[in-house]
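**Q** Let me give you the structure first, and then I'll get to my questions.
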Amino acid sequence: MNLPGSRYLLGEESLARTQVLRRSWPFLLDVCVAAIGLAIFYGVLRLAHYWLGRPEPDVYISLRPTALPVYAIYSLVRIWLAYLISLLFAVGYGYMAAYNKRMEAFMLASLDILQSIPVLSFLPGVMLAMVALFPTRQIGVEMGAILLIFTGEVWNMAFSFYSSIKSIPRELREAASIYGFSRWQRLWQLELPYSAIGLVWNSMVSVANGWFFLMACEMFVLGNRDFRLPGLGSYLQTAAGSGNVSAMAWGLFTVIAIIVAIDQLLWRPIIAWSDKFKFEQVESNTRVKSPLLQMLRQSSAVRLLQRYSLQPLSEGIYRRLALRRVQRRRRAASAVADQSWNMWLRILLIVVATAVVIYFAFHTLLFLRGIHGADLRLILKGAAATFLRVNASLLIASLWTIPVGVAIGFHPRLARIAQPLAQIAASVPATALFPIILLMLIRVGGGLGIASLTLMLLASQWYILFNVIAGAMAIPSDLREVATLFRFTTIQRWKTVILPGIFPHLITGLVTASGGAWNASIIAEYFRLRDHTYQTTGLGAQISAATDGNQFQILLLATIVMALMVVTVNRLVWRPLYRIGETRFKLEG
């Protein structure tokens with residue numbers, strides 16, 4: 001039996017409960033933020049104690065599942081430190097390449113070469129230098145591994161930032177000039193926001209690539225020394241080498257669980273946050289959403305941090321930059337006499353740099369005198385085989401990644417489901433799955449030739465997919481609405497809206513995918529499994545074999561041949577395509 005006014009009383013009670021929950025929710029968020037901060041601080045202390053300790057000569061990699069949490073922490077720290085270094089380098093390098101006309105061509109060629117040189121070519125010099133720099137501390141080996149992971153993460157982000165700067169619409173540049181933006185203001189308020197979507201998606205690819213090369217960077221042989229670091233990469237490599245299927249399953253499960261957690265706690269909020277930087281003239285009806293981002297925006301601690309720390313800091317920086325610019329203008333008249341001095345200083349630096357390059361080139365040629373004609377013919381034959389595999393993997397990857405990437409970028413609902421799956425698939429180290437793929441192909445008669453192409457495809461396809469997704473998401477909604485309004489056919493939509501819109505991102509994806517395929521060749525063409533070495537004809541196989549056998553002459557010559565091939569392709573193919581993307585398919589009003 002309902003009493004009079006009972007519904008009114010129940011409504012008041014539910015309203016009071018809602019108000020209590022709303023008041024207590026920000027407090028709970030602040031407690032969670034504080035707990036995360038304390039956990040990070042404790043982890044930093046433990047890592048500092050380990051890194052600053054004495055190096056461990058013989059590290060035993062335990063295959064027990066109970067060791068996985070500690071190994072996971074070590075690997076995550078290496079990957080994310082390498083990512084932070086990569087992000088800073090990518091922004092600085094991309095900025096210099098975009099605005100320095102004299103050095104642009106040289107910097108792009110160098111970037112293309114470096115992203116295509118396999119990690120094992122960097123490995124001897126980087127690791128020996130870091131160990132010599134910190135001979136009595138574990139941090140030397142750790143920094144060597146982090147720098148090696150850095151060489152697998154940085155290049156696609158640098159290409160992405162450079163491409164975004166070159167494709168900024170003319171009216172936005174003119175607006176920044178009219179308002180008198182300094183270089184710092186232009187970077188923070190125009191260039192970084194405009195490139196945010198591409199940087200976010202390429203960051204996901206870079207972190208996934210860090211997982212890919214984790215096995216090679218945490219456990220390797222260099223001459224007579226066996227370098228091992230506790231981590232998920234060494235755990236998976238030890239399990240694969242010993243044929244322990246149970247340990248491999250536990251390791252892969254841990255990697256997948258970490259990837260899913262990172263996707264939901266980090267990448268989804270960042271993707272939703274970066275969606276506000278989309279360049280369009282009308283408000284989109286479909287927005288990427290993240291519950292965690294909404295919760296953080298409701299946190300009073302985050303709001304107080306932004307109000308009393310970040311905003312005053314940014315305003316102080318802009319004020320100081322404005323004062324420096326005024327002072328620089330006042331000193332402009334007196335700086336005419338210094339220009340001649342600066343010119344002579346530049347000439348001196350160019351002369352010194354040229355002399356250093358000639359000196360090292362001459363000694364490199366002397367070092368290569370011991371190469372026989374048979375070795376050179378074998379290297380050229382391997383280069384041709386690897387070149388064909390690289391281009392075959394790019395073609396196969398493009399056939400499915402372009403339509404799938406456009407579909408994900410155009411439909412946020414599909415993206416909520418497909419993006420985590422793609423992130424998991426891209427982050428699971430293909431090197432951990434490679435033993436299974438290789439054994440299956442050997443049983444059916446495929447051999448390492450097909451297996452190497454499969455691994456190179458797994459290593460390169462994600463660059464194209466994630467860049468196409470970023471390009472599709474960056475296409476303004478008004479262009480898509482106009483295509484719908486005029487009832488474009490599917491072919492017309494692809495010719496006039498989709499392909500021109502994603503073209504700069506697609507070229508970035510193809511360039512970085514090419515580098516990823518060249519990089520993966522060192523593992524795909526030369527692989528150890530159960531005390532047996534499988535090898536096929538290829539440049540990557542020769543680099544891996546030369547690294548194992550301390551044949552540094554072969555290693556250097558193979559690396560030089562690879563660099564020459566990459567430079568040639570860059571000059572004949574990628575440079576003209578970049579120029580087309582900067583001119584014909586630039587988004588302008």
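Chain labels run A, B, ... following the order of the structure tokens; each chain numbers its residues from 1, and ligands are numbered from 1 in the order shown.
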Contacts of Ile498 of chain A at 12 Å or less, counting only C-alpha atoms, minus same-chain residues fewer than 2 places along, as a ChimeraX atom specification?
**A** /A:402-403,405-407,409-410,468-469,471-477,479-480,483,488,490-496,500-506,585
**Q** Write out the residues from the selection above, keeping C-alpha atoms, as an mmCIF file, in the first residue's frame.
**A**
```cif
data_model
loop_
_atom_site.group_PDB
_atom_site.id
_atom_site.type_symbol
_atom_site.label_atom_id
_atom_site.label_comp_id
_atom_site.auth_asym_id
_atom_site.auth_seq_id
_atom_site.Cartn_x
_atom_site.Cartn_y
_atom_site.Cartn_z
ATOM 1 C CA ILE A 402 44.004 1.192 -46.548
ATOM 2 C CA PRO A 403 40.295 0.181 -46.708
ATOM 3 C CA GLY A 405 42.027 2.055 -41.818
ATOM 4 C CA VAL A 406 39.573 4.354 -43.612
ATOM 5 C CA ALA A 407 36.618 2.396 -42.213
ATOM 6 C CA GLY A 409 38.777 6.365 -39.026
ATOM 7 C CA PHE A 410 35.317 7.215 -40.387
ATOM 8 C CA VAL A 468 45.694 5.682 -42.557
ATOM 9 C CA ILE A 469 43.440 5.747 -39.475
ATOM 10 C CA GLY A 471 44.558 10.468 -41.937
ATOM 11 C CA ALA A 472 40.919 9.359 -42.131
ATOM 12 C CA MET A 473 40.158 10.844 -38.704
ATOM 13 C CA ALA A 474 41.793 14.143 -39.736
ATOM 14 C CA ILE A 475 39.562 14.576 -42.807
ATOM 15 C CA PRO A 476 37.132 17.422 -41.939
ATOM 16 C CA SER A 477 33.524 16.407 -41.363
ATOM 17 C CA LEU A 479 34.043 17.507 -46.670
ATOM 18 C CA ARG A 480 32.447 14.166 -45.900
ATOM 19 C CA ALA A 483 30.229 14.244 -50.499
ATOM 20 C CA PHE A 488 29.035 10.841 -54.586
ATOM 21 C CA THR A 490 32.030 5.119 -53.842
ATOM 22 C CA ILE A 491 34.644 5.665 -56.561
ATOM 23 C CA GLN A 492 34.051 9.448 -56.574
ATOM 24 C CA ARG A 493 34.284 9.550 -52.783
ATOM 25 C CA TRP A 494 37.634 7.740 -52.841
ATOM 26 C CA LYS A 495 39.051 9.869 -55.693
ATOM 27 C CA THR A 496 37.983 13.310 -54.440
ATOM 28 C CA PRO A 500 43.557 13.104 -51.233
ATOM 29 C CA GLY A 501 42.729 13.471 -47.533
ATOM 30 C CA ILE A 502 44.815 10.531 -46.330
ATOM 31 C CA PHE A 503 47.628 10.937 -48.899
ATOM 32 C CA PRO A 504 50.242 12.680 -46.655
ATOM 33 C CA HIS A 505 49.576 10.219 -43.815
ATOM 34 C CA LEU A 506 49.650 7.276 -46.240
ATOM 35 C CA PHE A 585 46.759 17.505 -51.429
#
```
**Q** Name the residues of segment 184-258 of chain A that come out as helix (DSSP H, G or I) in a backbone DSSP run; write them as number ranges by chain.
**A** A: 184-194, 196-212, 214-218, 232-242, 245-258
**Q** Under the rule that only C-alpha atoms are counted, which of A:Leu108, A:Val154, A:Ala470, A:Leu564 is the nearest residue to Ser195 of chain A?
**A**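 Of A:Leu108, A:Val154, A:Ala470, A:Leu564, the one nearest Ser195 of chain A, counting only C-alpha atoms, is A:Ala470.
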**Q** Find the residue from A:Arg389, A:Lys278, A:Arg268, A:Arg487 that sits nearest to Met204 of chain A; use only C-alpha atoms when measuring.
**A** A:Arg268
**Q** Please give the complete set of residues from segment 334-545 of chain A that DSSP, run on the backbone, assigns to strand (DSSP E), formatted as a ChimeraX atom specification.
**A** /A:526-529,532-535
**Q** Next, write the just-selected residues to a file, as a compact mmCIF listing (two decimals), in the first residue's frame, keeping N, CA and C atoms as the atom set.
**A**
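Saved the output as out-v6.txt:
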```txt
# COMPACT_ATOMS: atom_id res chain seq x y z
N TYR A 526 67.22 -14.77 -40.48
CA TYR A 526 68.26 -15.48 -39.72
C TYR A 526 67.70 -15.71 -38.33
N PHE A 527 67.36 -16.96 -38.02
CA PHE A 527 66.66 -17.24 -36.77
C PHE A 527 67.18 -18.51 -36.14
N ARG A 528 67.39 -18.44 -34.82
CA ARG A 528 67.82 -19.63 -34.06
C ARG A 528 66.62 -20.24 -33.37
N LEU A 529 66.50 -21.58 -33.47
CA LEU A 529 65.39 -22.28 -32.84
C LEU A 529 65.87 -23.66 -32.44
N HIS A 532 69.33 -24.74 -33.43
CA HIS A 532 69.52 -24.83 -34.87
C HIS A 532 69.29 -23.45 -35.47
N THR A 533 70.14 -23.06 -36.41
CA THR A 533 70.04 -21.75 -37.05
C THR A 533 69.43 -21.90 -38.43
N TYR A 534 68.29 -21.23 -38.66
CA TYR A 534 67.64 -21.22 -39.96
C TYR A 534 68.02 -19.93 -40.68
N GLN A 535 68.45 -20.04 -41.93
CA GLN A 535 68.95 -18.89 -42.66
C GLN A 535 68.50 -18.97 -44.12
```
**Q** Could you please determine the separation between atom CA of Ile560 of chain A and atom CA of Val207 of chain A in Å, to one decimal place?
**A**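 Answer for the atom CA of Ile560 of chain A to atom CA of Val207 of chain A separation: 27.6 Å.
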**Q** If you count only C-alpha atoms, which residues fall within 9 Å of segment 365-381 of chain A, apart from same-chain ones fewer than 5 positions away, as a ChimeraX atom specification?
**A** /A:360,386,537-539,542,553-554,556-558,561
**Q** Just to be explicit: take each residue in the selection above, keep all heavy atoms, and write the result as a PDB file, in the first residue's frame.
**A**
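Wrote it out as part_7.pdb, contents follow:
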```pdb
ATOM      1  N   PHE A 360      86.841   9.926 -41.738  1.00  0.00           N
ATOM      2  CA  PHE A 360      86.187   8.660 -41.396  1.00  0.00           C
ATOM      3  C   PHE A 360      85.866   7.845 -42.651  1.00  0.00           C
ATOM      4  O   PHE A 360      85.927   6.609 -42.625  1.00  0.00           O
ATOM      5  CB  PHE A 360      84.912   8.929 -40.591  1.00  0.00           C
ATOM      6  CG  PHE A 360      85.171   9.223 -39.143  1.00  0.00           C
ATOM      7  CD1 PHE A 360      85.057  10.510 -38.647  1.00  0.00           C
ATOM      8  CD2 PHE A 360      85.539   8.214 -38.264  1.00  0.00           C
ATOM      9  CE1 PHE A 360      85.304  10.783 -37.310  1.00  0.00           C
ATOM     10  CE2 PHE A 360      85.785   8.477 -36.927  1.00  0.00           C
ATOM     11  CZ  PHE A 360      85.675   9.766 -36.450  1.00  0.00           C
ATOM     12  N   THR A 386      66.245  -9.248 -50.327  1.00  0.00           N
ATOM     13  CA  THR A 386      65.563  -8.500 -49.257  1.00  0.00           C
ATOM     14  C   THR A 386      64.737  -7.358 -49.832  1.00  0.00           C
ATOM     15  O   THR A 386      63.635  -7.067 -49.345  1.00  0.00           O
ATOM     16  CB  THR A 386      66.594  -7.957 -48.260  1.00  0.00           C
ATOM     17  OG1 THR A 386      67.391  -9.037 -47.768  1.00  0.00           O
ATOM     18  CG2 THR A 386      65.913  -7.281 -47.090  1.00  0.00           C
ATOM     19  N   THR A 537      68.601 -16.536 -48.041  1.00  0.00           N
ATOM     20  CA  THR A 537      69.355 -15.506 -48.755  1.00  0.00           C
ATOM     21  C   THR A 537      68.750 -14.136 -48.482  1.00  0.00           C
ATOM     22  O   THR A 537      67.551 -13.924 -48.702  1.00  0.00           O
ATOM     23  CB  THR A 537      69.345 -15.786 -50.265  1.00  0.00           C
ATOM     24  OG1 THR A 537      69.898 -17.076 -50.500  1.00  0.00           O
ATOM     25  CG2 THR A 537      70.150 -14.738 -51.000  1.00  0.00           C
ATOM     26  N   GLY A 538      69.571 -13.211 -48.010  1.00  0.00           N
ATOM     27  CA  GLY A 538      69.064 -11.876 -47.717  1.00  0.00           C
ATOM     28  C   GLY A 538      70.108 -11.033 -47.013  1.00  0.00           C
ATOM     29  O   GLY A 538      71.053 -11.551 -46.404  1.00  0.00           O
ATOM     30  N   LEU A 539      69.927  -9.734 -47.102  1.00  0.00           N
ATOM     31  CA  LEU A 539      70.860  -8.813 -46.466  1.00  0.00           C
ATOM     32  C   LEU A 539      70.742  -8.869 -44.941  1.00  0.00           C
ATOM     33  O   LEU A 539      71.738  -8.742 -44.228  1.00  0.00           O
ATOM     34  CB  LEU A 539      70.583  -7.389 -46.965  1.00  0.00           C
ATOM     35  CG  LEU A 539      71.718  -6.372 -46.851  1.00  0.00           C
ATOM     36  CD1 LEU A 539      72.954  -6.852 -47.599  1.00  0.00           C
ATOM     37  CD2 LEU A 539      71.266  -5.026 -47.397  1.00  0.00           C
ATOM     38  N   GLN A 542      72.756 -11.757 -43.589  1.00  0.00           N
ATOM     39  CA  GLN A 542      74.193 -11.507 -43.578  1.00  0.00           C
ATOM     40  C   GLN A 542      74.592 -10.563 -42.441  1.00  0.00           C
ATOM     41  O   GLN A 542      75.649 -10.723 -41.836  1.00  0.00           O
ATOM     42  CB  GLN A 542      74.608 -10.928 -44.930  1.00  0.00           C
ATOM     43  CG  GLN A 542      74.495 -11.950 -46.048  1.00  0.00           C
ATOM     44  CD  GLN A 542      74.524 -11.323 -47.420  1.00  0.00           C
ATOM     45  OE1 GLN A 542      74.600 -10.108 -47.537  1.00  0.00           O
ATOM     46  NE2 GLN A 542      74.454 -12.143 -48.462  1.00  0.00           N
ATOM     47  N   GLN A 553      83.665  -6.247 -40.814  1.00  0.00           N
ATOM     48  CA  GLN A 553      83.799  -5.759 -42.188  1.00  0.00           C
ATOM     49  C   GLN A 553      82.541  -6.078 -43.005  1.00  0.00           C
ATOM     50  O   GLN A 553      82.012  -5.223 -43.720  1.00  0.00           O
ATOM     51  CB  GLN A 553      85.029  -6.386 -42.838  1.00  0.00           C
ATOM     52  CG  GLN A 553      86.354  -5.913 -42.246  1.00  0.00           C
ATOM     53  CD  GLN A 553      87.536  -6.640 -42.850  1.00  0.00           C
ATOM     54  OE1 GLN A 553      87.430  -7.801 -43.243  1.00  0.00           O
ATOM     55  NE2 GLN A 553      88.670  -5.962 -42.925  1.00  0.00           N
ATOM     56  N   ILE A 554      82.065  -7.314 -42.880  1.00  0.00           N
ATOM     57  CA  ILE A 554      80.838  -7.714 -43.576  1.00  0.00           C
ATOM     58  C   ILE A 554      79.660  -6.908 -43.047  1.00  0.00           C
ATOM     59  O   ILE A 554      78.791  -6.455 -43.814  1.00  0.00           O
ATOM     60  CB  ILE A 554      80.586  -9.225 -43.405  1.00  0.00           C
ATOM     61  CG1 ILE A 554      81.769 -10.034 -43.948  1.00  0.00           C
ATOM     62  CG2 ILE A 554      79.289  -9.631 -44.086  1.00  0.00           C
ATOM     63  CD1 ILE A 554      81.940  -9.938 -45.437  1.00  0.00           C
ATOM     64  N   LEU A 556      79.653  -3.893 -41.716  1.00  0.00           N
ATOM     65  CA  LEU A 556      79.719  -2.512 -42.186  1.00  0.00           C
ATOM     66  C   LEU A 556      79.358  -2.413 -43.665  1.00  0.00           C
ATOM     67  O   LEU A 556      78.581  -1.527 -44.071  1.00  0.00           O
ATOM     68  CB  LEU A 556      81.123  -1.959 -41.956  1.00  0.00           C
ATOM     69  CG  LEU A 556      81.372  -0.519 -42.417  1.00  0.00           C
ATOM     70  CD1 LEU A 556      80.424   0.440 -41.709  1.00  0.00           C
ATOM     71  CD2 LEU A 556      82.818  -0.119 -42.179  1.00  0.00           C
ATOM     72  N   LEU A 557      79.877  -3.314 -44.494  1.00  0.00           N
ATOM     73  CA  LEU A 557      79.584  -3.256 -45.922  1.00  0.00           C
ATOM     74  C   LEU A 557      78.103  -3.525 -46.192  1.00  0.00           C
ATOM     75  O   LEU A 557      77.489  -2.844 -47.032  1.00  0.00           O
ATOM     76  CB  LEU A 557      80.449  -4.272 -46.676  1.00  0.00           C
ATOM     77  CG  LEU A 557      80.271  -4.296 -48.196  1.00  0.00           C
ATOM     78  CD1 LEU A 557      80.592  -2.935 -48.800  1.00  0.00           C
ATOM     79  CD2 LEU A 557      81.124  -5.390 -48.823  1.00  0.00           C
ATOM     80  N   ALA A 558      77.519  -4.490 -45.502  1.00  0.00           N
ATOM     81  CA  ALA A 558      76.093  -4.769 -45.692  1.00  0.00           C
ATOM     82  C   ALA A 558      75.238  -3.581 -45.277  1.00  0.00           C
ATOM     83  O   ALA A 558      74.241  -3.255 -45.936  1.00  0.00           O
ATOM     84  CB  ALA A 558      75.703  -6.016 -44.893  1.00  0.00           C
ATOM     85  N   VAL A 561      75.514  -0.917 -48.031  1.00  0.00           N
ATOM     86  CA  VAL A 561      74.699  -1.286 -49.197  1.00  0.00           C
ATOM     87  C   VAL A 561      73.225  -1.011 -48.916  1.00  0.00           C
ATOM     88  O   VAL A 561      72.499  -0.474 -49.774  1.00  0.00           O
ATOM     89  CB  VAL A 561      74.930  -2.763 -49.561  1.00  0.00           C
ATOM     90  CG1 VAL A 561      73.925  -3.229 -50.607  1.00  0.00           C
ATOM     91  CG2 VAL A 561      76.345  -2.972 -50.074  1.00  0.00           C
TER      92      VAL A 561
END
```
**Q** Can you work out the spacing between atom CA of Gly243 of chain A and atom CA of Arg78 of chain A in Å, to one decimal?
**A** 26.1 Å
**Q** Could you state the separation of atom CA of Arg170 of chain A and atom CA of Ile197 of chain A in Å, given to one decimal place?
**A**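 Computing the Euclidean distance for atom CA of Arg170 of chain A and atom CA of Ile197 of chain A yields 19.1 Å.
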**Q** Compile the contact shell of segment 73-75 of chain A as number ranges by chain: residues with an atom at most 9 Å away, counting only C-alpha atoms, same-chain residues fewer than 3 positions apart removed.
**A** A: 43, 47, 68-70, 78-80, 211, 214, 218, 229-233
**Q** With only C-alpha atoms as the counted atoms, please give the residues lying no more than 9 Å from Tyr83 of chain A, apart from itself and same-chain residues fewer than 5 positions off, as an NGL selection string.
**A** :A and (78 or 88 or 149-150 or 153-154 or 203 or 206-207 or 210)
**Q** Using all heavy atoms, can you export the residues from the last selection as a tab-separated table (two decimals), in the first residue's frame?
**A**
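Contents of the output file result23.tsv:
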```tsv
chain	number	residue	atom	x	y	z
A	78	ARG	N	61.78	0.47	-19.72
A	78	ARG	CA	62.66	0.64	-20.88
A	78	ARG	C	61.90	1.16	-22.09
A	78	ARG	O	62.36	2.07	-22.79
A	78	ARG	CB	63.32	-0.71	-21.21
A	78	ARG	CG	64.28	-1.19	-20.13
A	78	ARG	CD	64.91	-2.53	-20.47
A	78	ARG	NE	65.60	-3.08	-19.31
A	78	ARG	CZ	65.30	-4.22	-18.72
A	78	ARG	NH1	64.33	-4.99	-19.21
A	78	ARG	NH2	65.95	-4.64	-17.65
A	88	LEU	N	60.72	13.53	-27.91
A	88	LEU	CA	61.48	14.78	-27.90
A	88	LEU	C	62.35	14.89	-29.16
A	88	LEU	O	62.42	15.95	-29.79
A	88	LEU	CB	62.35	14.85	-26.64
A	88	LEU	CG	61.59	14.95	-25.31
A	88	LEU	CD1	62.56	14.88	-24.14
A	88	LEU	CD2	60.78	16.23	-25.24
A	149	ILE	N	66.13	0.33	-28.21
A	149	ILE	CA	64.68	0.40	-28.39
A	149	ILE	C	64.30	1.74	-29.02
A	149	ILE	O	63.39	1.82	-29.85
A	149	ILE	CB	63.97	0.18	-27.05
A	149	ILE	CG1	64.27	-1.23	-26.51
A	149	ILE	CG2	62.45	0.34	-27.21
A	149	ILE	CD1	63.74	-1.46	-25.11
A	150	PHE	N	65.00	2.80	-28.62
A	150	PHE	CA	64.78	4.12	-29.20
A	150	PHE	C	64.96	4.11	-30.71
A	150	PHE	O	64.19	4.73	-31.45
A	150	PHE	CB	65.75	5.11	-28.54
A	150	PHE	CG	66.01	6.37	-29.33
A	150	PHE	CD1	65.14	7.44	-29.27
A	150	PHE	CD2	67.14	6.48	-30.14
A	150	PHE	CE1	65.38	8.59	-30.01
A	150	PHE	CE2	67.40	7.62	-30.86
A	150	PHE	CZ	66.50	8.68	-30.81
A	153	GLU	N	61.80	3.04	-32.34
A	153	GLU	CA	60.56	3.76	-32.06
A	153	GLU	C	60.49	5.16	-32.68
A	153	GLU	O	59.41	5.69	-32.90
A	153	GLU	CB	60.36	3.91	-30.54
A	153	GLU	CG	60.05	2.64	-29.81
A	153	GLU	CD	59.76	2.90	-28.34
A	153	GLU	OE1	59.94	4.04	-27.88
A	153	GLU	OE2	59.32	1.95	-27.66
A	154	VAL	N	61.62	5.78	-32.95
A	154	VAL	CA	61.65	7.22	-33.16
A	154	VAL	C	61.30	7.66	-34.58
A	154	VAL	O	60.68	8.71	-34.78
A	154	VAL	CB	63.04	7.78	-32.76
A	154	VAL	CG1	64.13	7.20	-33.64
A	154	VAL	CG2	63.06	9.29	-32.79
A	203	SER	N	52.58	7.31	-32.20
A	203	SER	CA	53.11	6.92	-30.89
A	203	SER	C	52.67	5.51	-30.54
A	203	SER	O	53.45	4.72	-29.98
A	203	SER	CB	52.62	7.91	-29.81
A	203	SER	OG	53.14	9.19	-30.03
A	206	SER	N	54.84	3.28	-32.45
A	206	SER	CA	56.21	3.27	-31.91
A	206	SER	C	56.29	2.38	-30.67
A	206	SER	O	57.24	1.60	-30.53
A	206	SER	CB	56.62	4.70	-31.55
A	206	SER	OG	56.77	5.48	-32.71
A	207	VAL	N	55.32	2.50	-29.78
A	207	VAL	CA	55.33	1.65	-28.58
A	207	VAL	C	55.16	0.18	-28.98
A	207	VAL	O	55.81	-0.71	-28.41
A	207	VAL	CB	54.23	2.10	-27.60
A	207	VAL	CG1	54.13	1.14	-26.43
A	207	VAL	CG2	54.53	3.51	-27.10
A	210	GLY	N	58.35	-0.98	-30.07
A	210	GLY	CA	59.21	-1.24	-28.92
A	210	GLY	C	59.03	-2.65	-28.39
A	210	GLY	O	60.00	-3.33	-28.03
```
**Q** Quick one: of A:Ala208, A:Leu148, A:Leu236, A:Met107, who's nearest to Ile61 of chain A, counting only C-alpha atoms?
**A** A:Leu236
**Q** Can you pull out every residue within 9 Å of Leu199 of chain A, counting only C-alpha atoms, but drop anything in the same chain fewer than 6 positions away, and send it as a list of chain:residue names?
**A**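 Counting only C-alpha atoms, the residues come to A:Leu87, A:Met157, A:Ala158, A:Ser160, A:Phe161, A:Ser164, A:Leu192, A:Ala470.
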